[in-house]
>>> print(open('final_33.cif').read())   # mmCIF, C-alpha atoms and all ligand atoms
data_entry
loop_
_atom_site.label_atom_id
_atom_site.label_comp_id
_atom_site.auth_asym_id
_atom_site.auth_seq_id
_atom_site.Cartn_x
_atom_site.Cartn_y
_atom_site.Cartn_z
CA MET A 1 -125.75 84.13 -4.80
CA PHE A 2 -122.98 82.18 -6.53
CA ASP A 3 -120.30 83.49 -8.84
CA LEU A 4 -120.73 80.55 -11.20
CA ILE A 5 -123.06 77.56 -11.49
CA ILE A 6 -122.24 74.57 -13.72
CA GLU A 7 -125.67 73.15 -14.40
CA GLY A 8 -126.70 69.54 -14.94
CA GLY A 9 -123.39 67.91 -15.85
CA ARG A 10 -122.64 64.23 -15.34
CA LEU A 11 -119.82 63.62 -12.87
CA PRO A 12 -117.29 60.79 -13.47
CA ASP A 13 -119.15 58.64 -10.89
CA GLY A 14 -122.34 58.91 -12.99
CA ARG A 15 -124.32 61.31 -10.79
CA VAL A 16 -125.97 64.32 -12.49
CA GLN A 17 -125.35 67.39 -10.33
CA ASP A 18 -125.26 71.20 -10.30
CA ILE A 19 -122.02 72.72 -8.99
CA GLY A 20 -122.03 76.12 -7.28
CA ILE A 21 -118.82 78.15 -7.07
CA THR A 22 -118.05 81.14 -4.84
CA GLY A 23 -114.66 82.80 -5.15
CA GLU A 24 -112.10 80.07 -5.73
CA ARG A 25 -114.00 77.29 -3.93
CA ILE A 26 -116.82 74.85 -4.69
CA THR A 27 -119.55 75.88 -2.26
CA ALA A 28 -122.44 73.61 -3.29
CA ILE A 29 -123.06 70.35 -5.14
CA ALA A 30 -126.65 69.16 -5.44
CA PRO A 31 -129.04 67.62 -7.98
CA ARG A 32 -130.58 71.09 -8.38
CA ILE A 33 -129.25 74.41 -7.07
CA GLU A 34 -132.07 76.98 -6.96
CA ALA A 35 -130.08 80.18 -6.67
CA GLU A 36 -128.82 83.15 -8.62
CA ALA A 37 -125.33 83.30 -10.10
CA PHE A 38 -123.35 85.83 -12.09
CA GLU A 39 -122.87 83.17 -14.77
CA VAL A 40 -124.60 79.85 -15.40
CA ILE A 41 -123.05 77.24 -17.72
CA ASP A 42 -125.39 74.67 -19.23
CA ALA A 43 -123.51 71.35 -19.00
CA ARG A 44 -126.52 69.07 -19.46
CA GLY A 45 -125.48 65.96 -21.37
CA ASP A 46 -121.79 66.73 -20.84
CA LEU A 47 -119.18 65.20 -18.54
CA VAL A 48 -117.92 67.43 -15.72
CA SER A 49 -114.61 66.21 -14.32
CA PRO A 50 -112.02 67.45 -11.88
CA PRO A 51 -109.02 68.74 -13.85
CA PHE A 52 -106.40 66.55 -15.49
CA VAL A 53 -103.14 66.07 -13.60
CA ASP A 54 -99.74 65.09 -15.03
CA PRO A 55 -97.31 63.67 -12.43
CA HIS A 56 -94.33 63.35 -14.81
CA PHE A 57 -93.14 65.96 -17.29
CA HIS A 58 -90.00 67.82 -18.46
CA MET A 59 -90.95 71.46 -18.87
CA ASP A 60 -87.38 72.72 -19.26
CA ALA A 61 -87.06 70.73 -22.51
CA THR A 62 -90.58 71.00 -23.91
CA LEU A 63 -91.33 72.42 -27.38
CA SER A 64 -87.65 72.24 -28.34
CA TYR A 65 -88.00 69.42 -30.89
CA GLY A 66 -85.37 69.67 -33.63
CA GLN A 67 -82.98 71.83 -31.58
CA PRO A 68 -80.08 71.54 -32.09
CA ARG A 69 -81.20 68.67 -34.40
CA VAL A 70 -83.64 65.78 -34.37
CA ASN A 71 -83.03 62.51 -32.51
CA ALA A 72 -82.06 60.28 -35.45
CA SER A 73 -81.87 56.95 -33.58
CA GLY A 74 -85.00 57.63 -31.51
CA THR A 75 -83.31 56.28 -28.39
CA LEU A 76 -83.29 57.53 -24.80
CA LEU A 77 -79.51 57.84 -24.90
CA GLU A 78 -79.35 60.02 -28.03
CA GLY A 79 -82.09 62.17 -26.48
CA ILE A 80 -79.97 62.65 -23.35
CA ASP A 81 -76.97 63.63 -25.54
CA LEU A 82 -79.04 66.14 -27.52
CA TRP A 83 -80.47 67.67 -24.37
CA GLY A 84 -76.94 67.92 -22.98
CA GLU A 85 -76.13 70.28 -25.88
CA LEU A 86 -79.41 72.19 -25.84
CA ARG A 87 -79.40 73.00 -22.11
CA ASP A 88 -76.12 74.93 -22.52
CA LEU A 89 -77.41 76.85 -25.56
CA ALA A 90 -80.88 77.82 -24.30
CA THR A 91 -81.30 81.08 -22.38
CA VAL A 92 -83.55 81.46 -19.34
CA GLU A 93 -85.90 83.60 -21.45
CA GLU A 94 -86.21 80.96 -24.17
CA MET A 95 -86.96 78.22 -21.65
CA VAL A 96 -89.56 80.38 -19.88
CA GLU A 97 -91.24 81.22 -23.18
CA ARG A 98 -91.41 77.58 -24.32
CA ALA A 99 -92.77 76.48 -20.94
CA LEU A 100 -95.41 79.23 -20.84
CA THR A 101 -96.60 78.22 -24.32
CA TYR A 102 -96.87 74.62 -23.12
CA CYS A 103 -98.83 75.81 -20.08
CA ASP A 104 -101.25 77.61 -22.46
CA TRP A 105 -101.81 74.30 -24.23
CA ALA A 106 -102.27 72.56 -20.88
CA ALA A 107 -104.73 75.19 -19.61
CA SER A 108 -106.82 74.91 -22.77
CA LEU A 109 -107.07 71.13 -22.25
CA GLY A 110 -107.90 71.27 -18.54
CA LEU A 111 -104.47 70.04 -17.39
CA LEU A 112 -104.13 72.13 -14.24
CA ALA A 113 -101.47 70.37 -12.13
CA ILE A 114 -98.09 69.23 -13.44
CA ARG A 115 -95.04 67.72 -11.76
CA SER A 116 -92.02 68.61 -13.86
CA HIS A 117 -88.52 67.23 -13.50
CA VAL A 118 -85.88 69.96 -13.90
CA ASP A 119 -82.34 69.11 -14.92
CA THR A 120 -79.93 70.14 -12.15
CA THR A 121 -76.77 68.88 -13.92
CA PRO A 122 -75.15 72.06 -15.35
CA ASP A 123 -73.34 74.44 -13.03
CA HIS A 124 -75.30 77.41 -14.46
CA LEU A 125 -78.66 75.95 -13.30
CA ARG A 126 -80.46 78.15 -15.85
CA GLY A 127 -83.22 75.57 -16.22
CA VAL A 128 -83.90 75.69 -12.48
CA GLU A 129 -84.02 79.49 -12.54
CA ALA A 130 -86.38 79.43 -15.53
CA MET A 131 -88.77 76.83 -14.10
CA ILE A 132 -89.03 78.62 -10.75
CA ALA A 133 -90.08 81.74 -12.71
CA VAL A 134 -92.66 79.68 -14.62
CA ARG A 135 -94.03 78.11 -11.40
CA GLU A 136 -94.68 81.63 -10.11
CA ALA A 137 -96.11 82.92 -13.41
CA VAL A 138 -98.73 80.14 -13.78
CA LYS A 139 -99.69 79.65 -10.12
CA GLY A 140 -103.11 81.27 -10.65
CA TYR A 141 -104.17 78.42 -12.94
CA ILE A 142 -101.60 75.57 -12.89
CA ASP A 143 -100.06 73.95 -9.81
CA LEU A 144 -96.50 73.26 -10.94
CA GLN A 145 -94.32 70.99 -8.75
CA LEU A 146 -90.62 70.97 -9.58
CA VAL A 147 -88.39 67.93 -9.11
CA ALA A 148 -84.61 68.34 -8.71
CA PHE A 149 -83.50 65.87 -11.39
CA PRO A 150 -79.80 64.97 -11.78
CA GLN A 151 -80.21 64.04 -15.47
CA ASP A 152 -76.58 62.99 -16.02
CA GLY A 153 -76.33 61.08 -12.74
CA LEU A 154 -75.93 62.12 -9.10
CA TYR A 155 -72.39 60.70 -9.02
CA ARG A 156 -71.66 60.25 -12.73
CA ALA A 157 -71.81 63.98 -13.59
CA PRO A 158 -69.14 66.37 -12.27
CA ASN A 159 -70.77 68.38 -9.44
CA GLY A 160 -73.93 66.28 -9.86
CA ARG A 161 -74.68 66.00 -6.15
CA GLN A 162 -73.57 69.51 -5.29
CA ASN A 163 -75.79 71.05 -8.01
CA LEU A 164 -78.79 69.00 -6.95
CA ILE A 165 -78.40 70.37 -3.41
CA ARG A 166 -78.03 73.92 -4.78
CA ALA A 167 -81.25 73.46 -6.77
CA LEU A 168 -83.12 72.22 -3.69
CA ASP A 169 -81.82 75.25 -1.79
CA MET A 170 -83.24 77.46 -4.56
CA GLY A 171 -86.69 76.08 -3.72
CA LEU A 172 -87.46 72.96 -5.76
CA ASP A 173 -90.22 70.80 -4.32
CA VAL A 174 -89.26 67.14 -4.85
CA VAL A 175 -86.05 65.06 -4.83
CA GLY A 176 -85.40 63.21 -8.11
CA GLY A 177 -82.84 60.67 -9.29
CA ILE A 178 -81.76 58.41 -12.14
CA PRO A 179 -80.09 55.35 -10.59
CA HIS A 180 -80.01 53.26 -13.81
CA PHE A 181 -77.85 55.96 -15.44
CA GLU A 182 -75.11 55.91 -12.77
CA ARG A 183 -71.91 54.09 -13.76
CA THR A 184 -72.58 50.83 -11.90
CA MET A 185 -75.48 49.03 -10.24
CA ALA A 186 -73.74 49.65 -6.90
CA GLU A 187 -73.50 53.40 -7.51
CA GLY A 188 -77.13 53.43 -8.65
CA ALA A 189 -78.22 51.81 -5.38
CA ALA A 190 -75.98 54.19 -3.39
CA SER A 191 -77.58 57.16 -5.18
CA VAL A 192 -81.06 55.93 -4.18
CA ARG A 193 -79.99 55.70 -0.51
CA ASP A 194 -78.33 59.11 -0.62
CA LEU A 195 -81.29 60.84 -2.30
CA CYS A 196 -83.84 59.29 0.07
CA GLU A 197 -81.79 60.54 3.02
CA ILE A 198 -81.66 64.04 1.50
CA ALA A 199 -85.45 63.94 1.11
CA ALA A 200 -85.98 62.68 4.67
CA ASP A 201 -83.72 65.42 6.09
CA ARG A 202 -85.60 68.12 4.20
CA GLY A 203 -89.11 66.70 4.60
CA LEU A 204 -89.57 66.46 0.82
CA PRO A 205 -91.23 63.85 -1.41
CA VAL A 206 -89.16 61.63 -3.74
CA ASP A 207 -89.85 60.94 -7.43
CA MET A 208 -87.11 59.10 -9.31
CA HIS A 209 -86.69 58.06 -12.89
CA CYS A 210 -86.22 54.43 -11.96
CA ASP A 211 -85.16 51.49 -14.11
CA GLU A 212 -86.01 53.18 -17.42
CA THR A 213 -84.35 50.38 -19.34
CA ASP A 214 -85.14 46.97 -20.85
CA ASP A 215 -82.50 45.35 -18.63
CA PRO A 216 -84.38 42.88 -16.39
CA MET A 217 -81.53 43.11 -13.85
CA SER A 218 -82.12 46.83 -13.31
CA ARG A 219 -83.71 46.50 -9.86
CA HIS A 220 -83.31 49.93 -8.27
CA ILE A 221 -87.03 50.00 -7.47
CA GLU A 222 -86.27 47.35 -4.83
CA THR A 223 -83.73 49.63 -3.13
CA LEU A 224 -86.14 52.58 -3.45
CA ALA A 225 -88.87 50.62 -1.65
CA ALA A 226 -86.49 49.35 1.05
CA GLU A 227 -85.11 52.87 1.69
CA THR A 228 -88.64 54.24 1.86
CA LEU A 229 -89.39 51.79 4.67
CA ARG A 230 -86.08 52.36 6.45
CA LEU A 231 -86.55 56.14 6.52
CA GLY A 232 -90.31 56.15 7.16
CA LEU A 233 -91.12 57.85 3.85
CA GLN A 234 -94.22 55.74 3.12
CA GLY A 235 -96.72 57.51 0.85
CA ARG A 236 -94.21 60.19 -0.22
CA VAL A 237 -92.18 58.25 -2.80
CA ALA A 238 -92.83 57.58 -6.49
CA GLY A 239 -90.96 55.48 -9.03
CA SER A 240 -91.29 56.82 -12.58
CA HIS A 241 -91.15 54.56 -15.65
CA LEU A 242 -90.17 51.20 -14.02
CA THR A 243 -89.88 49.80 -17.55
CA SER A 244 -87.38 47.08 -16.59
CA MET A 245 -90.26 45.40 -14.71
CA HIS A 246 -91.70 44.52 -18.14
CA SER A 247 -88.69 42.26 -18.74
CA MET A 248 -88.13 40.94 -15.21
CA ASP A 249 -88.44 37.33 -14.16
CA ASN A 250 -91.95 36.59 -12.86
CA TYR A 251 -90.73 35.01 -9.62
CA TYR A 252 -88.70 38.09 -8.78
CA VAL A 253 -91.70 40.37 -9.49
CA SER A 254 -93.86 38.25 -7.18
CA LYS A 255 -91.46 39.24 -4.37
CA LEU A 256 -91.02 42.85 -5.51
CA LEU A 257 -94.66 43.95 -5.71
CA PRO A 258 -95.54 43.19 -2.06
CA LEU A 259 -92.46 45.18 -0.99
CA MET A 260 -93.60 48.15 -3.11
CA ALA A 261 -97.12 47.87 -1.67
CA GLU A 262 -95.76 47.78 1.90
CA ALA A 263 -93.65 50.89 1.20
CA GLU A 264 -96.69 52.65 -0.36
CA ILE A 265 -94.64 53.51 -3.43
CA SER A 266 -96.53 55.13 -6.31
CA ALA A 267 -95.73 54.08 -9.87
CA ILE A 268 -95.77 56.48 -12.82
CA PRO A 269 -95.51 54.78 -16.22
CA ASN A 270 -95.35 57.12 -19.21
CA PRO A 271 -96.95 55.12 -22.03
CA LEU A 272 -96.36 57.48 -24.98
CA ILE A 273 -92.66 57.58 -24.22
CA ASN A 274 -92.22 54.01 -23.01
CA ILE A 275 -93.73 52.54 -26.19
CA VAL A 276 -91.49 54.80 -28.31
CA LEU A 277 -88.17 54.44 -26.46
CA GLN A 278 -88.19 50.90 -25.09
CA GLY A 279 -87.41 47.82 -27.13
CA ARG A 280 -85.08 49.79 -29.41
CA HIS A 281 -82.36 47.16 -29.03
CA ASP A 282 -84.75 44.29 -29.80
CA THR A 283 -85.33 42.67 -33.17
CA TYR A 284 -88.50 40.53 -33.04
CA PRO A 285 -90.39 39.83 -30.89
CA LYS A 286 -90.01 43.46 -29.78
CA ARG A 287 -90.82 44.25 -26.17
CA ARG A 288 -93.38 46.95 -25.33
CA GLY A 289 -91.40 48.05 -22.29
CA LEU A 290 -94.42 49.30 -20.35
CA THR A 291 -94.34 48.36 -16.67
CA ARG A 292 -96.85 45.90 -15.12
CA VAL A 293 -99.75 48.29 -14.54
CA LYS A 294 -102.68 45.95 -13.87
CA GLU A 295 -100.56 43.64 -11.73
CA MET A 296 -99.44 46.53 -9.51
CA GLN A 297 -102.98 47.82 -9.20
CA ALA A 298 -104.16 44.35 -8.18
CA MET A 299 -101.63 44.54 -5.32
CA GLY A 300 -103.05 47.90 -4.18
CA ILE A 301 -100.12 49.93 -5.57
CA ARG A 302 -101.12 53.40 -6.75
CA VAL A 303 -100.40 53.78 -10.48
CA GLY A 304 -100.90 56.99 -12.49
CA TRP A 305 -100.22 57.74 -16.16
CA GLY A 306 -97.63 60.45 -16.91
CA GLN A 307 -96.96 62.39 -20.09
CA ASP A 308 -93.17 62.81 -19.77
CA CYS A 309 -92.42 64.60 -23.05
CA THR A 310 -93.97 66.83 -25.73
CA LEU A 311 -91.96 67.92 -28.78
CA ASP A 312 -88.53 67.53 -27.20
CA PRO A 313 -85.30 65.53 -27.73
CA TRP A 314 -87.08 62.32 -26.66
CA TYR A 315 -90.50 62.60 -28.32
CA SER A 316 -91.38 64.10 -31.68
CA LEU A 317 -95.11 64.42 -30.95
CA GLY A 318 -97.29 65.26 -27.94
CA THR A 319 -100.24 67.55 -27.23
CA ALA A 320 -100.46 68.24 -23.46
CA ASP A 321 -103.66 66.17 -23.58
CA MET A 322 -103.80 63.63 -20.74
CA LEU A 323 -106.57 61.81 -22.64
CA ASP A 324 -103.95 60.99 -25.32
CA VAL A 325 -101.70 59.64 -22.56
CA ALA A 326 -104.44 57.50 -21.02
CA PHE A 327 -105.57 56.33 -24.48
CA MET A 328 -102.08 55.03 -25.28
CA GLY A 329 -101.74 53.48 -21.82
CA LEU A 330 -105.08 51.73 -22.17
CA HIS A 331 -103.93 50.13 -25.41
CA VAL A 332 -100.41 49.13 -24.43
CA ALA A 333 -101.47 47.76 -21.02
CA GLN A 334 -104.53 46.11 -22.62
CA MET A 335 -106.92 47.77 -20.16
CA THR A 336 -109.97 47.40 -22.40
CA HIS A 337 -112.64 46.13 -19.98
CA PRO A 338 -115.13 48.96 -19.24
CA GLU A 339 -113.97 49.08 -15.59
CA GLU A 340 -110.33 49.25 -16.70
CA MET A 341 -111.03 52.00 -19.25
CA ALA A 342 -112.85 54.03 -16.61
CA ARG A 343 -109.88 53.45 -14.28
CA CYS A 344 -107.56 54.90 -16.94
CA PHE A 345 -109.57 58.14 -16.77
CA THR A 346 -109.32 58.12 -12.97
CA MET A 347 -105.55 57.58 -13.26
CA VAL A 348 -105.07 60.89 -15.14
CA THR A 349 -107.33 62.76 -12.72
CA GLU A 350 -107.79 61.61 -9.11
CA THR A 351 -104.96 59.08 -8.87
CA ASN A 352 -102.40 61.53 -10.24
CA ALA A 353 -103.69 64.16 -7.82
CA GLU A 354 -103.11 61.71 -4.95
CA ILE A 355 -99.57 61.00 -6.21
CA MET A 356 -98.85 64.75 -6.25
CA GLY A 357 -100.44 65.22 -2.81
CA LEU A 358 -103.02 67.78 -4.00
CA SER A 359 -105.20 68.11 -0.90
CA ASP A 360 -107.63 70.74 -2.35
CA TYR A 361 -108.47 68.64 -5.39
CA GLY A 362 -111.78 67.10 -6.48
CA LEU A 363 -115.46 67.76 -7.11
CA ARG A 364 -116.60 68.29 -3.51
CA VAL A 365 -117.73 71.17 -1.34
CA GLY A 366 -114.69 73.00 0.03
CA ALA A 367 -112.29 71.92 -2.72
CA LEU A 368 -110.71 74.41 -5.12
CA ALA A 369 -113.15 75.18 -7.93
CA SER A 370 -111.10 73.70 -10.75
CA LEU A 371 -112.95 71.54 -13.25
CA VAL A 372 -113.39 70.64 -16.91
CA VAL A 373 -116.59 70.34 -18.96
CA LEU A 374 -116.05 67.74 -21.69
CA ASP A 375 -118.06 67.10 -24.83
CA ALA A 376 -118.58 63.46 -23.80
CA ALA A 377 -121.22 61.29 -22.19
CA ASP A 378 -118.94 59.68 -19.59
CA PRO A 379 -115.22 59.04 -18.88
CA VAL A 380 -114.90 56.16 -21.35
CA ASP A 381 -116.55 58.22 -24.10
CA ALA A 382 -114.14 61.06 -23.27
CA LEU A 383 -111.20 58.69 -23.72
CA ARG A 384 -112.54 57.16 -26.91
CA GLN A 385 -113.01 60.56 -28.55
CA ARG A 386 -110.23 62.45 -26.74
CA ALA A 387 -113.22 64.77 -26.32
CA ALA A 388 -113.23 68.54 -26.73
CA ARG A 389 -112.90 70.58 -23.54
CA ARG A 390 -115.93 72.88 -23.77
CA LEU A 391 -114.94 74.81 -20.67
CA VAL A 392 -112.05 74.89 -18.21
CA VAL A 393 -112.42 76.49 -14.77
CA ALA A 394 -109.28 77.10 -12.67
CA LYS A 395 -109.65 78.21 -9.04
CA GLY A 396 -113.09 79.70 -9.74
CA ARG A 397 -112.24 81.46 -13.00
CA ILE A 398 -113.19 80.36 -16.53
CA ILE A 399 -109.84 80.21 -18.33
CA ALA A 400 -110.63 78.41 -21.61
CA ARG A 401 -113.52 77.57 -23.91
CA SER A 402 -113.51 75.31 -26.97
CA ALA A 403 -116.11 74.37 -29.59
CA ARG A 404 -117.69 70.94 -29.75
CA ARG A 405 -116.42 68.68 -32.52
CA ASP A 406 -119.75 68.23 -34.29
CA ALA A 407 -119.58 68.12 -38.10
CA GLN A 408 -122.09 69.30 -40.71
CA LEU A 409 -122.87 66.61 -43.28
CA THR A 410 -124.25 67.18 -46.77
CA LEU A 411 -125.04 63.57 -47.63
CA PRO A 412 -128.42 62.74 -49.21
CA GLY A 413 -130.69 60.95 -46.74
CA ARG A 414 -128.26 61.26 -43.81
CA PRO A 415 -128.44 63.56 -40.76
CA THR A 416 -127.10 67.09 -41.35
CA THR A 417 -125.37 67.28 -37.97
CA LEU A 418 -122.99 64.53 -36.91
CA VAL A 419 -122.30 64.01 -33.19
CA ARG A 420 -119.65 61.42 -32.51
CA ARG A 421 -120.95 60.36 -29.09
CA ALA A 422 -121.14 56.64 -28.34
CA PRO A 423 -124.69 55.39 -28.97
CA HIS A 424 -125.07 54.28 -25.34
CA SER A 425 -123.08 54.76 -22.16
CA ILE A 426 -120.63 51.96 -21.45
CA GLY A 427 -118.73 53.55 -18.58
ZN ZN B 501 -88.95 61.73 -17.49
#
>>> encode(input="final_33.cif", output="structure tokens")
Amino acid sequence: MFDLIIEGGRLPDGRVQDIGITGERITAIAPRIEAEAFEVIDARGDLVSPPFVDPHFHMDATLSYGQPRVNASGTLLEGIDLWGELRDLATVEEMVERALTYCDWAASLGLLAIRSHVDTTPDHLRGVEAMIAVREAVKGYIDLQLVAFPQDGLYRAPNGRQNLIRALDMGLDVVGGIPHFERTMAEGAASVRDLCEIAADRGLPVDMHCDETDDPMSRHIETLAAETLRLGLQGRVAGSHLTSMHSMDNYYVSKLLPLMAEAEISAIPNPLINIVLQGRHDTYPKRRGLTRVKEMQAMGIRVGWGQDCTLDPWYSLGTADMLDVAFMGLHVAQMTHPEEMARCFTMVTETNAEIMGLSDYGLRVGALASLVVLDAADPVDALRQRAARRLVVAKGRIIARSARRDAQLTLPGRPTTLVRRAPHSIG
């Protein structure tokens, strides 16, 4: 007797399987489960995927677009200025409410694990207090990891280092950084060394905003990789954005990528934000600013797509849908071969789960029973349509249902029901 059976869905690897769930775990996966269940979901013809995972977000700032005013220049730097005003105006209650609304959106779209950077700059640390409350409030359905993020610089901001340590003492999960925003290249490199040592001392992972600039000489990723090796942090360190790599000299990159691979650094580009914020100082040709995704993957470097922002001082759009993120990434990185498109789906599911170290993740017996039923034939079809999430299961419980996106047509001689599935599977 199962609590729930998801019947006949197609898994991302192409197999058609039934999935049996007992309590909060997957307890059976087989071509046919002949057993009773309290509820059976018919997923025949649909894609059944492990949940979406976002390894890079800012939940303290989300859904604040237009407060205190919009970002007129559209640049990273004006966004940082605006946020600097907003974080001192917003109350803990307001930040919690905005974040919980975002988590509702995420839950409805099957986004069930999020790593959020939390600004540790201000002495009041209200954002840290608010996000710790949110982490607790959503833990039944979203795994929220919180990164201590010195937004205004570890050394550049007054009390920057001291407040980051205070935030870690309050219980944040990951050590962040922003070396390209320190006053000098030397201070940026020193901040990377310092932060990696803090992480090593505390046994924490590292995830830095790193080289989020079009300056080809912004090379803090090199220091991050070298410090990872020096301190034995392999597999626990991520570099977010890495946009300067887009503009770097090819010879230098040919030396950098093997070092990153050796240090087992993960890379987290954020394509919606990178394509909007980078290249703002260019005329034409205008750089895309996205890091070298396919080239890193060819070197065996783990690369996942992150969302970064939704309706905040840096980004005026956003949906909490990781299929939107992967769709943009696929275009900007020109990952249009069927294998590359399928990989983009894996990046926002399994790869991101690996980056976040989610050990109970996946469609396998013994894993947490968290999954998504999509109105799509396969992962590529899901990306193409940004398909509806028919059903979302979190830790054994159904938490969201949505309608398919079929349309009713009233055209003479044409079908009355339109289904926008691809005519044949290409995944
Ligand atoms: Zn970010």
>>> residues_around(input="final_33.cif", residues="segment 60-74 of chain A", least_positions_apart="3", cutoff="7 Å", atoms="all atoms listed in the file", output="list in words")
Glu78, Gly79, Leu86, Met95, Arg98, Ala99, Val118, Gly127, Met131, Leu277, Cys309, Thr310, Leu311, Asp312, Pro313 and Ser316 of chain A
>>> residues_around(input="final_33.cif", residues="Arg25 of chain A", least_positions_apart="3", cutoff="7 Å", atoms="all atoms listed in the file", output="JSON, numbers by chain")
{"A": [21, 22, 366, 367, 368, 369, 395, 396]}
>>> residues_near_ligand(input="final_33.cif", ligand="ligand ZN 501 (chain B)", cutoff="8 Å", atoms="all atoms listed in the file", output="PyMOL selection string")
chain A and resi 56-58+117+209+240-241+308-309
>>> residues_around(input="final_33.cif", residues="Asp119 of chain A", least_positions_apart="6", cutoff="7 Å", atoms="all atoms listed in the file", output="list in words")
Gly127, Ala148, Phe149, Pro150 and Gln151 of chain A
>>> atom_distance(input="final_33.cif", atom1="atom CA of Thr75 of chain A", atom2="atom CA of Thr213 of chain A")
10.9 Å
>>> atom_distance(input="final_33.cif", atom1="atom CA of Ser402 of chain A", atom2="atom CA of Thr101 of chain A")
17.4 Å
>>> residues_around(input="final_33.cif", residues="segment 344-361 of chain A", least_positions_apart="6", cutoff="8 Å", atoms="all atoms listed in the file", output="tab-separated table (two decimals) with C-alpha atoms, keeping the file's coordinate frame")
chain	number	residue	atom	x	y	z
A	50	PRO	CA	-112.02	67.45	-11.88
A	51	PRO	CA	-109.02	68.74	-13.85
A	52	PHE	CA	-106.40	66.55	-15.49
A	53	VAL	CA	-103.14	66.07	-13.60
A	54	ASP	CA	-99.74	65.09	-15.03
A	55	PRO	CA	-97.31	63.67	-12.43
A	113	ALA	CA	-101.47	70.37	-12.13
A	115	ARG	CA	-95.04	67.72	-11.76
A	238	ALA	CA	-92.83	57.58	-6.49
A	266	SER	CA	-96.53	55.13	-6.31
A	302	ARG	CA	-101.12	53.40	-6.75
A	303	VAL	CA	-100.40	53.78	-10.48
A	304	GLY	CA	-100.90	56.99	-12.49
A	305	TRP	CA	-100.22	57.74	-16.16
A	306	GLY	CA	-97.63	60.45	-16.91
A	322	MET	CA	-103.80	63.63	-20.74
A	323	LEU	CA	-106.57	61.81	-22.64
A	326	ALA	CA	-104.44	57.50	-21.02
A	327	PHE	CA	-105.57	56.33	-24.48
A	329	GLY	CA	-101.74	53.48	-21.82
A	330	LEU	CA	-105.08	51.73	-22.17
A	335	MET	CA	-106.92	47.77	-20.16
A	367	ALA	CA	-112.29	71.92	-2.72
A	368	LEU	CA	-110.71	74.41	-5.12
A	370	SER	CA	-111.10	73.70	-10.75
A	379	PRO	CA	-115.22	59.04	-18.88
A	380	VAL	CA	-114.90	56.16	-21.35
A	383	LEU	CA	-111.20	58.69	-23.72
>>> residues_around(input="final_33.cif", residues="segment 385-392 of chain A", least_positions_apart="5", cutoff="12 Å", atoms="only C-alpha atoms", output="short mmCIF file (atom, residue, chain, number, x, y, z; two decimals) with C-alpha atoms, keeping the file's coordinate frame")
data_model
loop_
_atom_site.label_atom_id
_atom_site.label_comp_id
_atom_site.auth_asym_id
_atom_site.auth_seq_id
_atom_site.Cartn_x
_atom_site.Cartn_y
_atom_site.Cartn_z
CA ILE A 6 -122.24 74.57 -13.72
CA GLY A 9 -123.39 67.91 -15.85
CA ILE A 41 -123.05 77.24 -17.72
CA ASP A 42 -125.39 74.67 -19.23
CA ALA A 43 -123.51 71.35 -19.00
CA ASP A 46 -121.79 66.73 -20.84
CA LEU A 47 -119.18 65.20 -18.54
CA VAL A 48 -117.92 67.43 -15.72
CA SER A 49 -114.61 66.21 -14.32
CA PRO A 50 -112.02 67.45 -11.88
CA PRO A 51 -109.02 68.74 -13.85
CA PHE A 52 -106.40 66.55 -15.49
CA ASP A 104 -101.25 77.61 -22.46
CA TRP A 105 -101.81 74.30 -24.23
CA ALA A 106 -102.27 72.56 -20.88
CA ALA A 107 -104.73 75.19 -19.61
CA SER A 108 -106.82 74.91 -22.77
CA LEU A 109 -107.07 71.13 -22.25
CA GLY A 110 -107.90 71.27 -18.54
CA LEU A 111 -104.47 70.04 -17.39
CA LEU A 112 -104.13 72.13 -14.24
CA TYR A 141 -104.17 78.42 -12.94
CA ILE A 142 -101.60 75.57 -12.89
CA THR A 319 -100.24 67.55 -27.23
CA ALA A 320 -100.46 68.24 -23.46
CA ASP A 321 -103.66 66.17 -23.58
CA MET A 322 -103.80 63.63 -20.74
CA LEU A 323 -106.57 61.81 -22.64
CA ASP A 324 -103.95 60.99 -25.32
CA VAL A 325 -101.70 59.64 -22.56
CA ALA A 326 -104.44 57.50 -21.02
CA PHE A 327 -105.57 56.33 -24.48
CA MET A 328 -102.08 55.03 -25.28
CA PHE A 345 -109.57 58.14 -16.77
CA ALA A 369 -113.15 75.18 -7.93
CA SER A 370 -111.10 73.70 -10.75
CA LEU A 371 -112.95 71.54 -13.25
CA VAL A 372 -113.39 70.64 -16.91
CA VAL A 373 -116.59 70.34 -18.96
CA LEU A 374 -116.05 67.74 -21.69
CA ASP A 375 -118.06 67.10 -24.83
CA ALA A 376 -118.58 63.46 -23.80
CA ALA A 377 -121.22 61.29 -22.19
CA ASP A 378 -118.94 59.68 -19.59
CA PRO A 379 -115.22 59.04 -18.88
CA VAL A 380 -114.90 56.16 -21.35
CA ARG A 397 -112.24 81.46 -13.00
CA ILE A 398 -113.19 80.36 -16.53
CA ILE A 399 -109.84 80.21 -18.33
CA ALA A 400 -110.63 78.41 -21.61
CA ARG A 401 -113.52 77.57 -23.91
CA SER A 402 -113.51 75.31 -26.97
CA ALA A 403 -116.11 74.37 -29.59
CA ARG A 404 -117.69 70.94 -29.75
CA ARG A 405 -116.42 68.68 -32.52
CA ASP A 406 -119.75 68.23 -34.29
CA VAL A 419 -122.30 64.01 -33.19
CA ARG A 420 -119.65 61.42 -32.51
CA ARG A 421 -120.95 60.36 -29.09
CA ALA A 422 -121.14 56.64 -28.34
#
>>> atom_distance(input="final_33.cif", atom1="atom CA of Ile275 of chain A", atom2="atom CA of Met248 of chain A")
16.9 Å
